[in-house]
>>> print(open('start-v4.txt').read())   # compact mmCIF, C-alpha atoms and all ligand atoms
# COMPACT_ATOMS: atom_id res chain seq x y z
CA MET N 1128 0.00 0.00 0.00
CA MET N 1129 2.75 2.39 1.12
CA LYS N 1130 4.77 1.44 -1.92
CA ARG N 1131 1.81 2.20 -4.15
CA ILE N 1132 1.32 5.62 -2.59
CA ILE N 1133 5.01 6.45 -3.00
CA GLY N 1134 4.84 5.16 -6.54
CA THR N 1135 1.86 7.36 -7.32
CA LYS N 1136 3.53 10.39 -5.82
CA LYS N 1137 6.67 9.78 -7.85
CA PHE N 1138 4.65 9.44 -11.03
CA LYS N 1139 2.76 12.65 -10.24
CA ASP N 1140 6.05 14.47 -9.64
CA SER N 1141 7.53 13.18 -12.88
CA LEU N 1142 4.44 14.28 -14.73
CA LYS N 1143 4.63 17.71 -13.09
CA PHE N 1144 8.28 18.10 -14.12
CA ALA N 1145 7.51 16.97 -17.65
CA ILE N 1146 4.61 19.42 -17.95
CA ASN N 1147 6.85 22.17 -16.57
CA GLY N 1148 9.31 21.32 -19.33
CA LEU N 1149 6.55 21.39 -21.90
CA PHE N 1150 5.41 24.85 -20.78
CA GLU N 1151 9.01 26.05 -20.72
CA VAL N 1152 9.57 24.98 -24.33
CA HIS N 1153 6.26 26.53 -25.37
CA LYS N 1154 6.97 29.77 -23.54
CA THR N 1155 10.52 30.24 -24.80
CA GLN N 1156 10.54 28.70 -28.29
CA ARG N 1157 8.71 30.56 -31.03
CA ASN N 1158 9.08 27.62 -33.43
CA PHE N 1159 7.47 25.27 -30.93
CA ARG N 1160 4.52 27.67 -30.58
CA ILE N 1161 4.10 27.80 -34.36
CA GLN N 1162 4.37 24.00 -34.63
CA THR N 1163 1.77 23.41 -31.92
CA PHE N 1164 -0.54 25.87 -33.66
CA ILE N 1165 -0.14 24.24 -37.08
CA GLY N 1166 -0.49 20.82 -35.43
CA LEU N 1167 -3.72 21.87 -33.81
CA ILE N 1168 -5.13 23.10 -37.14
CA ALA N 1169 -4.08 19.83 -38.83
CA LEU N 1170 -5.65 17.67 -36.12
CA ILE N 1171 -8.90 19.63 -36.01
CA THR N 1172 -9.12 19.53 -39.82
CA ALA N 1173 -8.49 15.76 -39.70
CA LEU N 1174 -11.33 15.41 -37.21
CA PHE N 1175 -13.81 16.85 -39.70
CA LEU N 1176 -12.66 14.86 -42.71
CA ASP N 1177 -13.72 11.36 -43.51
CA LEU N 1178 -10.36 9.71 -42.78
CA ASN N 1179 -9.79 6.12 -41.73
CA GLY N 1180 -7.93 5.13 -38.57
CA VAL N 1181 -4.60 4.60 -40.29
CA LYS N 1182 -4.68 8.06 -41.89
CA LEU N 1183 -5.60 9.67 -38.56
CA LEU N 1184 -2.71 7.79 -36.99
CA TRP N 1185 -0.28 9.17 -39.57
CA ILE N 1186 -1.52 12.73 -39.03
CA SER N 1187 -1.13 12.38 -35.26
CA PHE N 1188 2.31 10.86 -35.75
CA ALA N 1189 3.42 13.73 -37.99
CA VAL N 1190 2.24 16.38 -35.53
CA MET N 1191 3.86 14.72 -32.51
CA LEU N 1192 7.09 13.96 -34.35
CA VAL N 1193 7.72 17.63 -35.13
CA LEU N 1194 7.03 18.67 -31.52
CA LEU N 1195 9.27 15.87 -30.28
CA MET N 1196 12.16 16.93 -32.51
CA GLU N 1197 11.74 20.61 -31.69
CA ALA N 1198 11.83 19.85 -27.96
CA LEU N 1199 14.92 17.69 -28.48
CA ASN N 1200 16.54 20.45 -30.51
CA THR N 1201 15.86 22.90 -27.68
CA VAL N 1202 17.47 20.52 -25.18
CA ILE N 1203 20.58 20.24 -27.35
CA GLU N 1204 20.79 24.03 -27.81
CA LYS N 1205 20.39 24.66 -24.09
CA VAL N 1206 22.98 22.05 -23.09
CA LEU N 1207 25.46 23.47 -25.59
CA ASP N 1208 24.83 27.06 -24.47
CA TYR N 1209 25.34 25.98 -20.87
CA LEU N 1210 28.52 24.01 -21.54
CA HIS N 1211 29.97 26.42 -24.06
CA PRO N 1212 28.45 29.91 -24.12
CA ASP N 1213 31.23 31.31 -26.33
CA TYR N 1214 31.49 31.15 -30.09
CA SER N 1215 32.84 27.84 -31.38
CA GLU N 1216 32.80 26.35 -34.83
CA ILE N 1217 32.00 22.85 -33.61
CA ILE N 1218 29.17 24.10 -31.37
CA GLY N 1219 27.74 25.91 -34.36
CA ILE N 1220 27.91 22.76 -36.48
CA ILE N 1221 26.25 20.61 -33.80
CA LYS N 1222 23.45 23.17 -33.47
CA ASP N 1223 23.01 23.26 -37.24
CA ILE N 1224 22.72 19.46 -37.38
CA SER N 1225 20.26 19.53 -34.52
CA ALA N 1226 18.20 22.07 -36.49
CA ALA N 1227 18.44 19.75 -39.52
CA VAL N 1228 16.76 17.02 -37.46
CA VAL N 1229 13.76 19.31 -37.00
CA LEU N 1230 13.81 20.18 -40.69
CA ILE N 1231 13.72 16.51 -41.71
CA ALA N 1232 10.79 15.86 -39.35
CA SER N 1233 8.99 18.92 -40.73
CA VAL N 1234 9.43 17.86 -44.36
CA PHE N 1235 8.25 14.37 -43.43
CA SER N 1236 5.13 15.94 -41.89
CA ILE N 1237 4.53 18.00 -45.02
CA VAL N 1238 4.81 14.80 -47.07
CA ILE N 1239 2.26 13.06 -44.85
CA GLY N 1240 -0.03 16.10 -44.91
CA THR N 1241 0.19 16.38 -48.69
CA ILE N 1242 -0.64 12.70 -49.14
CA ILE N 1243 -3.56 12.60 -46.72
CA PHE N 1244 -5.07 16.11 -46.85
CA GLY N 1245 -4.18 16.52 -50.51
CA GLU N 1246 -6.16 13.46 -51.45
CA SER N 1247 -9.05 14.07 -49.09
CA ILE N 1248 -9.55 17.84 -49.61
CA PHE N 1249 -8.12 18.67 -53.04
CA LYS N 1250 -8.41 15.25 -54.67
CA ILE N 1251 -4.80 15.38 -55.76
CA ASN N 1252 -2.71 12.29 -56.38
CA PRO N 1253 -0.93 11.05 -53.22
CA LYS N 1254 2.20 10.74 -55.34
CA TYR N 1255 2.69 14.50 -54.96
CA GLY N 1256 3.75 13.74 -51.40
CA ILE N 1257 6.46 11.45 -52.71
CA ILE N 1258 7.50 14.12 -55.22
CA ILE N 1259 8.07 16.52 -52.30
CA ALA N 1260 10.16 13.88 -50.52
CA ILE N 1261 12.18 13.27 -53.71
CA ALA N 1262 12.70 17.03 -54.16
CA PHE N 1263 14.00 17.24 -50.60
CA LEU N 1264 16.49 14.42 -51.07
CA VAL N 1265 17.58 15.80 -54.44
CA PHE N 1266 18.09 19.18 -52.76
CA ILE N 1267 20.36 17.54 -50.16
CA LYS N 1268 22.31 15.61 -52.80
CA PHE N 1269 22.82 18.49 -55.22
CA PHE N 1270 23.32 21.43 -52.94
CA SER N 1271 25.52 19.97 -50.22
CA ARG N 1272 29.10 20.98 -50.72
CA GLY N 1273 32.30 19.21 -49.78
CA GLY N 1274 33.40 15.66 -50.06
CA LYS N 1275 33.39 12.64 -47.83
CA ASN N 1276 33.94 13.13 -44.16
CA ASN N 1277 33.94 10.89 -41.12
CA GLY N 1278 30.74 9.05 -40.17
N1 LIG N 1301 28.20 29.13 -29.65
C1 LIG N 1301 28.05 29.17 -30.98
N2 LIG N 1301 29.13 29.09 -31.78
C2 LIG N 1301 28.99 29.11 -33.11
N3 LIG N 1301 27.84 29.21 -33.77
C3 LIG N 1301 26.72 29.28 -33.03
C4 LIG N 1301 26.77 29.28 -31.61
N4 LIG N 1301 25.51 29.40 -31.15
C5 LIG N 1301 24.73 29.44 -32.23
N5 LIG N 1301 25.43 29.36 -33.37
C6 LIG N 1301 24.89 29.39 -34.75
O1 LIG N 1301 23.65 30.06 -34.74
C7 LIG N 1301 22.59 29.15 -35.13
C8 LIG N 1301 21.38 29.41 -34.27
O2 LIG N 1301 21.70 29.05 -32.96
P1 LIG N 1301 20.74 29.33 -31.76
O3 LIG N 1301 21.20 28.63 -30.55
O4 LIG N 1301 20.53 30.79 -31.65
O5 LIG N 1301 19.48 28.60 -32.35
P2 LIG N 1301 18.03 29.16 -32.51
O6 LIG N 1301 17.27 28.11 -33.20
O7 LIG N 1301 18.06 30.54 -33.09
O8 LIG N 1301 17.76 29.18 -30.99
P3 LIG N 1301 16.67 29.88 -30.15
O9 LIG N 1301 15.87 28.72 -29.73
O10 LIG N 1301 17.47 30.46 -29.01
O11 LIG N 1301 15.95 30.88 -31.00
C9 LIG N 1301 23.18 27.75 -34.92
O12 LIG N 1301 22.56 26.79 -35.74
C10 LIG N 1301 24.63 27.98 -35.26
O13 LIG N 1301 24.82 27.98 -36.65
>>> encode(input="start-v4.txt", output="structure tokens")
Amino acid sequence: MMKRIIGTKKFKDSLKFAINGLFEVHKTQRNFRIQTFIGLIALITALFLDLNGVKLLWISFAVMLVLLMEALNTVIEKVLDYLHPDYSEIIGIIKDISAAVVLIASVFSIVIGTIIFGESIFKINPKYGIIIAIAFLVFIKFFSRGGKNNG
């Protein structure tokens, strides 16, 4: 019984800390606020369309994925700023890569949105979603400079 009470309290505390973190990201990160807003619009729109369970799942996944990556990106930025507040080339590169993670998640969400909303609202071919994904990969391949590096 005692153990259960302690367990419940611990869980409540963890939840409180996590929600604190959530509010902190929302309060301080403009991008996170924009992403939650767009996510909300996408989810409400999905609610009113005649979409099957799998499509609703993909929409929810896309919305949460972007928020997840943005929160992670914020963690990385904050840790780096704390450990190394001064200018450093490597810190800059790590932050850029961390931002790229968010970008990839965002493009993925756009692809999912184009496939599902595009078909349902505008009756466009779902393949347009794949065309966006191809364009993104082509962009990476053609516009990235430099040769092979480690990793
Ligand atoms: N200490 C640093 N040294 C070198 N370059 C940095 C450093 N801090 C930031 N940068 C460069 O500036 C870019 C933006 O970094 P910053 O931490 O301001 O991210 P942001 O997304 O603008 O963050 P914020 O959430 O604070 O608005 C980085 O991607 C990196 O290129």
>>> residues_near_ligand(input="start-v4.txt", ligand="ligand LIG 1301 (chain N)", cutoff="10 Å", atoms="all atoms listed in the file", output="CSV table (one decimal) with C-alpha atoms, in the coordinates of the input")
chain,number,residue,atom,x,y,z
N,1152,VAL,CA,9.6,25.0,-24.3
N,1155,THR,CA,10.5,30.2,-24.8
N,1156,GLN,CA,10.5,28.7,-28.3
N,1157,ARG,CA,8.7,30.6,-31.0
N,1158,ASN,CA,9.1,27.6,-33.4
N,1159,PHE,CA,7.5,25.3,-30.9
N,1197,GLU,CA,11.7,20.6,-31.7
N,1198,ALA,CA,11.8,19.8,-28.0
N,1200,ASN,CA,16.5,20.4,-30.5
N,1201,THR,CA,15.9,22.9,-27.7
N,1202,VAL,CA,17.5,20.5,-25.2
N,1203,ILE,CA,20.6,20.2,-27.4
N,1204,GLU,CA,20.8,24.0,-27.8
N,1205,LYS,CA,20.4,24.7,-24.1
N,1207,LEU,CA,25.5,23.5,-25.6
N,1208,ASP,CA,24.8,27.1,-24.5
N,1209,TYR,CA,25.3,26.0,-20.9
N,1210,LEU,CA,28.5,24.0,-21.5
N,1211,HIS,CA,30.0,26.4,-24.1
N,1212,PRO,CA,28.4,29.9,-24.1
N,1213,ASP,CA,31.2,31.3,-26.3
N,1214,TYR,CA,31.5,31.2,-30.1
N,1215,SER,CA,32.8,27.8,-31.4
N,1216,GLU,CA,32.8,26.4,-34.8
N,1217,ILE,CA,32.0,22.8,-33.6
N,1218,ILE,CA,29.2,24.1,-31.4
N,1219,GLY,CA,27.7,25.9,-34.4
N,1220,ILE,CA,27.9,22.8,-36.5
N,1221,ILE,CA,26.2,20.6,-33.8
N,1222,LYS,CA,23.4,23.2,-33.5
N,1223,ASP,CA,23.0,23.3,-37.2
N,1224,ILE,CA,22.7,19.5,-37.4
N,1225,SER,CA,20.3,19.5,-34.5
N,1226,ALA,CA,18.2,22.1,-36.5
N,1227,ALA,CA,18.4,19.8,-39.5
>>> residues_around(input="start-v4.txt", residues="range 1240-1254 of chain N", least_positions_apart="6", cutoff="8 Å", atoms="all atoms listed in the file", output="list in words")
Ala1173, Leu1176, Asp1177, Leu1178, Lys1182 and Ile1186 of chain N
>>> write_last_selection(input="start-v4.txt", atoms="C-alpha atoms", output="CSV table (one decimal), keeping the file's coordinate frame")
chain,number,residue,atom,x,y,z
N,1173,ALA,CA,-8.5,15.8,-39.7
N,1176,LEU,CA,-12.7,14.9,-42.7
N,1177,ASP,CA,-13.7,11.4,-43.5
N,1178,LEU,CA,-10.4,9.7,-42.8
N,1182,LYS,CA,-4.7,8.1,-41.9
N,1186,ILE,CA,-1.5,12.7,-39.0
>>> atom_distance(input="start-v4.txt", atom1="CA of Asn1147 in chain N", atom2="CA of Leu1192 in chain N")
19.6 Å
>>> atom_distance(input="start-v4.txt", atom1="CA of Ile1146 in chain N", atom2="CA of Val1181 in chain N")
28.3 Å
>>> closest_residue(input="start-v4.txt", among="N:Ile1231, N:Leu1170, N:Ile1267, N:Leu1199", to="Trp1185 in chain N", atoms="only C-alpha atoms")
N:Leu1170
>>> atom_distance(input="start-v4.txt", atom1="CA of Leu1167 in chain N", atom2="CA of Ser1187 in chain N")
9.9 Å
>>> residues_around(input="start-v4.txt", residues="Ala1232 in chain N", least_positions_apart="6", cutoff="10 Å", atoms="all atoms listed in the file", output="PyMOL selection string")
chain N and resi 1189-1197+1238
>>> decode(input="start-v4.txt", residues="range 1225-1272 of chain N", atoms="N, CA and C atoms", output="PDB file, in the first residue's frame")
ATOM      1  N   SER N1225      21.441  19.698 -35.364  1.00  0.00           N
ATOM      2  CA  SER N1225      20.258  19.532 -34.521  1.00  0.00           C
ATOM      3  C   SER N1225      19.041  20.220 -35.165  1.00  0.00           C
ATOM      4  N   ALA N1226      19.286  21.376 -35.780  1.00  0.00           N
ATOM      5  CA  ALA N1226      18.199  22.065 -36.489  1.00  0.00           C
ATOM      6  C   ALA N1226      17.776  21.262 -37.723  1.00  0.00           C
ATOM      7  N   ALA N1227      18.757  20.569 -38.343  1.00  0.00           N
ATOM      8  CA  ALA N1227      18.441  19.754 -39.519  1.00  0.00           C
ATOM      9  C   ALA N1227      17.493  18.610 -39.149  1.00  0.00           C
ATOM     10  N   VAL N1228      17.650  18.090 -37.921  1.00  0.00           N
ATOM     11  CA  VAL N1228      16.765  17.017 -37.458  1.00  0.00           C
ATOM     12  C   VAL N1228      15.303  17.503 -37.477  1.00  0.00           C
ATOM     13  N   VAL N1229      15.110  18.729 -37.011  1.00  0.00           N
ATOM     14  CA  VAL N1229      13.760  19.306 -37.002  1.00  0.00           C
ATOM     15  C   VAL N1229      13.263  19.500 -38.436  1.00  0.00           C
ATOM     16  N   LEU N1230      14.177  19.948 -39.295  1.00  0.00           N
ATOM     17  CA  LEU N1230      13.806  20.179 -40.690  1.00  0.00           C
ATOM     18  C   LEU N1230      13.346  18.880 -41.362  1.00  0.00           C
ATOM     19  N   ILE N1231      14.084  17.798 -41.115  1.00  0.00           N
ATOM     20  CA  ILE N1231      13.716  16.506 -41.713  1.00  0.00           C
ATOM     21  C   ILE N1231      12.328  16.079 -41.224  1.00  0.00           C
ATOM     22  N   ALA N1232      12.101  16.218 -39.909  1.00  0.00           N
ATOM     23  CA  ALA N1232      10.789  15.856 -39.354  1.00  0.00           C
ATOM     24  C   ALA N1232       9.686  16.727 -39.969  1.00  0.00           C
ATOM     25  N   SER N1233       9.995  18.018 -40.168  1.00  0.00           N
ATOM     26  CA  SER N1233       8.988  18.923 -40.727  1.00  0.00           C
ATOM     27  C   SER N1233       8.652  18.549 -42.168  1.00  0.00           C
ATOM     28  N   VAL N1234       9.686  18.242 -42.959  1.00  0.00           N
ATOM     29  CA  VAL N1234       9.435  17.859 -44.356  1.00  0.00           C
ATOM     30  C   VAL N1234       8.624  16.560 -44.397  1.00  0.00           C
ATOM     31  N   PHE N1235       8.977  15.643 -43.507  1.00  0.00           N
ATOM     32  CA  PHE N1235       8.246  14.373 -43.427  1.00  0.00           C
ATOM     33  C   PHE N1235       6.765  14.641 -43.131  1.00  0.00           C
ATOM     34  N   SER N1236       6.516  15.585 -42.221  1.00  0.00           N
ATOM     35  CA  SER N1236       5.131  15.935 -41.888  1.00  0.00           C
ATOM     36  C   SER N1236       4.409  16.550 -43.078  1.00  0.00           C
ATOM     37  N   ILE N1237       5.137  17.385 -43.823  1.00  0.00           N
ATOM     38  CA  ILE N1237       4.533  17.999 -45.016  1.00  0.00           C
ATOM     39  C   ILE N1237       4.177  16.911 -46.032  1.00  0.00           C
ATOM     40  N   VAL N1238       5.065  15.921 -46.150  1.00  0.00           N
ATOM     41  CA  VAL N1238       4.807  14.804 -47.074  1.00  0.00           C
ATOM     42  C   VAL N1238       3.532  14.065 -46.641  1.00  0.00           C
ATOM     43  N   ILE N1239       3.442  13.767 -45.369  1.00  0.00           N
ATOM     44  CA  ILE N1239       2.259  13.056 -44.850  1.00  0.00           C
ATOM     45  C   ILE N1239       0.997  13.906 -45.060  1.00  0.00           C
ATOM     46  N   GLY N1240       1.116  15.192 -44.748  1.00  0.00           N
ATOM     47  CA  GLY N1240      -0.026  16.098 -44.910  1.00  0.00           C
ATOM     48  C   GLY N1240      -0.466  16.197 -46.358  1.00  0.00           C
ATOM     49  N   THR N1241       0.512  16.282 -47.257  1.00  0.00           N
ATOM     50  CA  THR N1241       0.186  16.385 -48.690  1.00  0.00           C
ATOM     51  C   THR N1241      -0.533  15.120 -49.161  1.00  0.00           C
ATOM     52  N   ILE N1242      -0.029  13.970 -48.716  1.00  0.00           N
ATOM     53  CA  ILE N1242      -0.643  12.702 -49.136  1.00  0.00           C
ATOM     54  C   ILE N1242      -2.080  12.598 -48.612  1.00  0.00           C
ATOM     55  N   ILE N1243      -2.246  12.846 -47.331  1.00  0.00           N
ATOM     56  CA  ILE N1243      -3.561  12.599 -46.724  1.00  0.00           C
ATOM     57  C   ILE N1243      -4.551  13.747 -46.969  1.00  0.00           C
ATOM     58  N   PHE N1244      -4.153  14.983 -46.634  1.00  0.00           N
ATOM     59  CA  PHE N1244      -5.070  16.114 -46.854  1.00  0.00           C
ATOM     60  C   PHE N1244      -5.229  16.402 -48.343  1.00  0.00           C
ATOM     61  N   GLY N1245      -4.140  16.268 -49.066  1.00  0.00           N
ATOM     62  CA  GLY N1245      -4.179  16.524 -50.512  1.00  0.00           C
ATOM     63  C   GLY N1245      -5.221  15.655 -51.185  1.00  0.00           C
ATOM     64  N   GLU N1246      -5.212  14.395 -50.836  1.00  0.00           N
ATOM     65  CA  GLU N1246      -6.162  13.459 -51.454  1.00  0.00           C
ATOM     66  C   GLU N1246      -7.594  13.730 -50.972  1.00  0.00           C
ATOM     67  N   SER N1247      -7.713  13.941 -49.670  1.00  0.00           N
ATOM     68  CA  SER N1247      -9.048  14.074 -49.087  1.00  0.00           C
ATOM     69  C   SER N1247      -9.720  15.420 -49.424  1.00  0.00           C
ATOM     70  N   ILE N1248      -8.945  16.506 -49.392  1.00  0.00           N
ATOM     71  CA  ILE N1248      -9.552  17.836 -49.607  1.00  0.00           C
ATOM     72  C   ILE N1248      -9.495  18.258 -51.081  1.00  0.00           C
ATOM     73  N   PHE N1249      -8.295  18.122 -51.679  1.00  0.00           N
ATOM     74  CA  PHE N1249      -8.116  18.666 -53.041  1.00  0.00           C
ATOM     75  C   PHE N1249      -8.150  17.607 -54.138  1.00  0.00           C
ATOM     76  N   LYS N1250      -8.356  16.375 -53.712  1.00  0.00           N
ATOM     77  CA  LYS N1250      -8.413  15.246 -54.666  1.00  0.00           C
ATOM     78  C   LYS N1250      -7.158  15.149 -55.535  1.00  0.00           C
ATOM     79  N   ILE N1251      -6.025  15.501 -54.965  1.00  0.00           N
ATOM     80  CA  ILE N1251      -4.796  15.376 -55.762  1.00  0.00           C
ATOM     81  C   ILE N1251      -4.143  14.016 -55.490  1.00  0.00           C
ATOM     82  N   ASN N1252      -3.362  13.597 -56.451  1.00  0.00           N
ATOM     83  CA  ASN N1252      -2.714  12.293 -56.378  1.00  0.00           C
ATOM     84  C   ASN N1252      -1.744  12.235 -55.183  1.00  0.00           C
ATOM     85  N   PRO N1253      -1.835  11.174 -54.368  1.00  0.00           N
ATOM     86  CA  PRO N1253      -0.928  11.052 -53.221  1.00  0.00           C
ATOM     87  C   PRO N1253       0.547  11.056 -53.621  1.00  0.00           C
ATOM     88  N   LYS N1254       0.802  10.769 -54.890  1.00  0.00           N
ATOM     89  CA  LYS N1254       2.203  10.739 -55.342  1.00  0.00           C
ATOM     90  C   LYS N1254       2.884  12.103 -55.230  1.00  0.00           C
ATOM     91  N   TYR N1255       2.075  13.174 -55.146  1.00  0.00           N
ATOM     92  CA  TYR N1255       2.687  14.500 -54.963  1.00  0.00           C
ATOM     93  C   TYR N1255       3.478  14.566 -53.657  1.00  0.00           C
ATOM     94  N   GLY N1256       3.013  13.815 -52.675  1.00  0.00           N
ATOM     95  CA  GLY N1256       3.749  13.742 -51.403  1.00  0.00           C
ATOM     96  C   GLY N1256       5.136  13.158 -51.616  1.00  0.00           C
ATOM     97  N   ILE N1257       5.177  12.101 -52.428  1.00  0.00           N
ATOM     98  CA  ILE N1257       6.457  11.445 -52.710  1.00  0.00           C
ATOM     99  C   ILE N1257       7.347  12.381 -53.531  1.00  0.00           C
ATOM    100  N   ILE N1258       6.728  13.174 -54.416  1.00  0.00           N
ATOM    101  CA  ILE N1258       7.500  14.125 -55.222  1.00  0.00           C
ATOM    102  C   ILE N1258       8.177  15.151 -54.301  1.00  0.00           C
ATOM    103  N   ILE N1259       7.468  15.583 -53.268  1.00  0.00           N
ATOM    104  CA  ILE N1259       8.072  16.525 -52.304  1.00  0.00           C
ATOM    105  C   ILE N1259       9.260  15.859 -51.591  1.00  0.00           C
ATOM    106  N   ALA N1260       9.078  14.612 -51.199  1.00  0.00           N
ATOM    107  CA  ALA N1260      10.164  13.885 -50.520  1.00  0.00           C
ATOM    108  C   ALA N1260      11.365  13.728 -51.458  1.00  0.00           C
ATOM    109  N   ILE N1261      11.095  13.414 -52.729  1.00  0.00           N
ATOM    110  CA  ILE N1261      12.182  13.272 -53.710  1.00  0.00           C
ATOM    111  C   ILE N1261      12.895  14.620 -53.871  1.00  0.00           C
ATOM    112  N   ALA N1262      12.110  15.695 -53.983  1.00  0.00           N
ATOM    113  CA  ALA N1262      12.702  17.029 -54.157  1.00  0.00           C
ATOM    114  C   ALA N1262      13.618  17.357 -52.977  1.00  0.00           C
ATOM    115  N   PHE N1263      13.199  16.974 -51.799  1.00  0.00           N
ATOM    116  CA  PHE N1263      13.998  17.241 -50.596  1.00  0.00           C
ATOM    117  C   PHE N1263      15.329  16.477 -50.643  1.00  0.00           C
ATOM    118  N   LEU N1264      15.265  15.218 -51.005  1.00  0.00           N
ATOM    119  CA  LEU N1264      16.495  14.421 -51.071  1.00  0.00           C
ATOM    120  C   LEU N1264      17.402  14.896 -52.210  1.00  0.00           C
ATOM    121  N   VAL N1265      16.792  15.270 -53.322  1.00  0.00           N
ATOM    122  CA  VAL N1265      17.581  15.796 -54.444  1.00  0.00           C
ATOM    123  C   VAL N1265      18.275  17.091 -54.011  1.00  0.00           C
ATOM    124  N   PHE N1266      17.529  17.936 -53.285  1.00  0.00           N
ATOM    125  CA  PHE N1266      18.090  19.184 -52.756  1.00  0.00           C
ATOM    126  C   PHE N1266      19.322  18.886 -51.896  1.00  0.00           C
ATOM    127  N   ILE N1267      19.209  17.894 -51.024  1.00  0.00           N
ATOM    128  CA  ILE N1267      20.357  17.539 -50.162  1.00  0.00           C
ATOM    129  C   ILE N1267      21.537  17.086 -51.026  1.00  0.00           C
ATOM    130  N   LYS N1268      21.249  16.192 -51.963  1.00  0.00           N
ATOM    131  CA  LYS N1268      22.309  15.612 -52.795  1.00  0.00           C
ATOM    132  C   LYS N1268      23.017  16.667 -53.649  1.00  0.00           C
ATOM    133  N   PHE N1269      22.227  17.569 -54.236  1.00  0.00           N
ATOM    134  CA  PHE N1269      22.815  18.486 -55.216  1.00  0.00           C
ATOM    135  C   PHE N1269      23.406  19.738 -54.614  1.00  0.00           C
ATOM    136  N   PHE N1270      22.870  20.141 -53.478  1.00  0.00           N
ATOM    137  CA  PHE N1270      23.323  21.427 -52.939  1.00  0.00           C
ATOM    138  C   PHE N1270      24.311  21.306 -51.796  1.00  0.00           C
ATOM    139  N   SER N1271      24.536  20.087 -51.301  1.00  0.00           N
ATOM    140  CA  SER N1271      25.522  19.969 -50.217  1.00  0.00           C
ATOM    141  C   SER N1271      26.920  19.984 -50.818  1.00  0.00           C
ATOM    142  N   ARG N1272      27.742  20.812 -50.208  1.00  0.00           N
ATOM    143  CA  ARG N1272      29.095  20.978 -50.725  1.00  0.00           C
ATOM    144  C   ARG N1272      30.055  20.070 -49.973  1.00  0.00           C
TER     145      ARG N1272
END
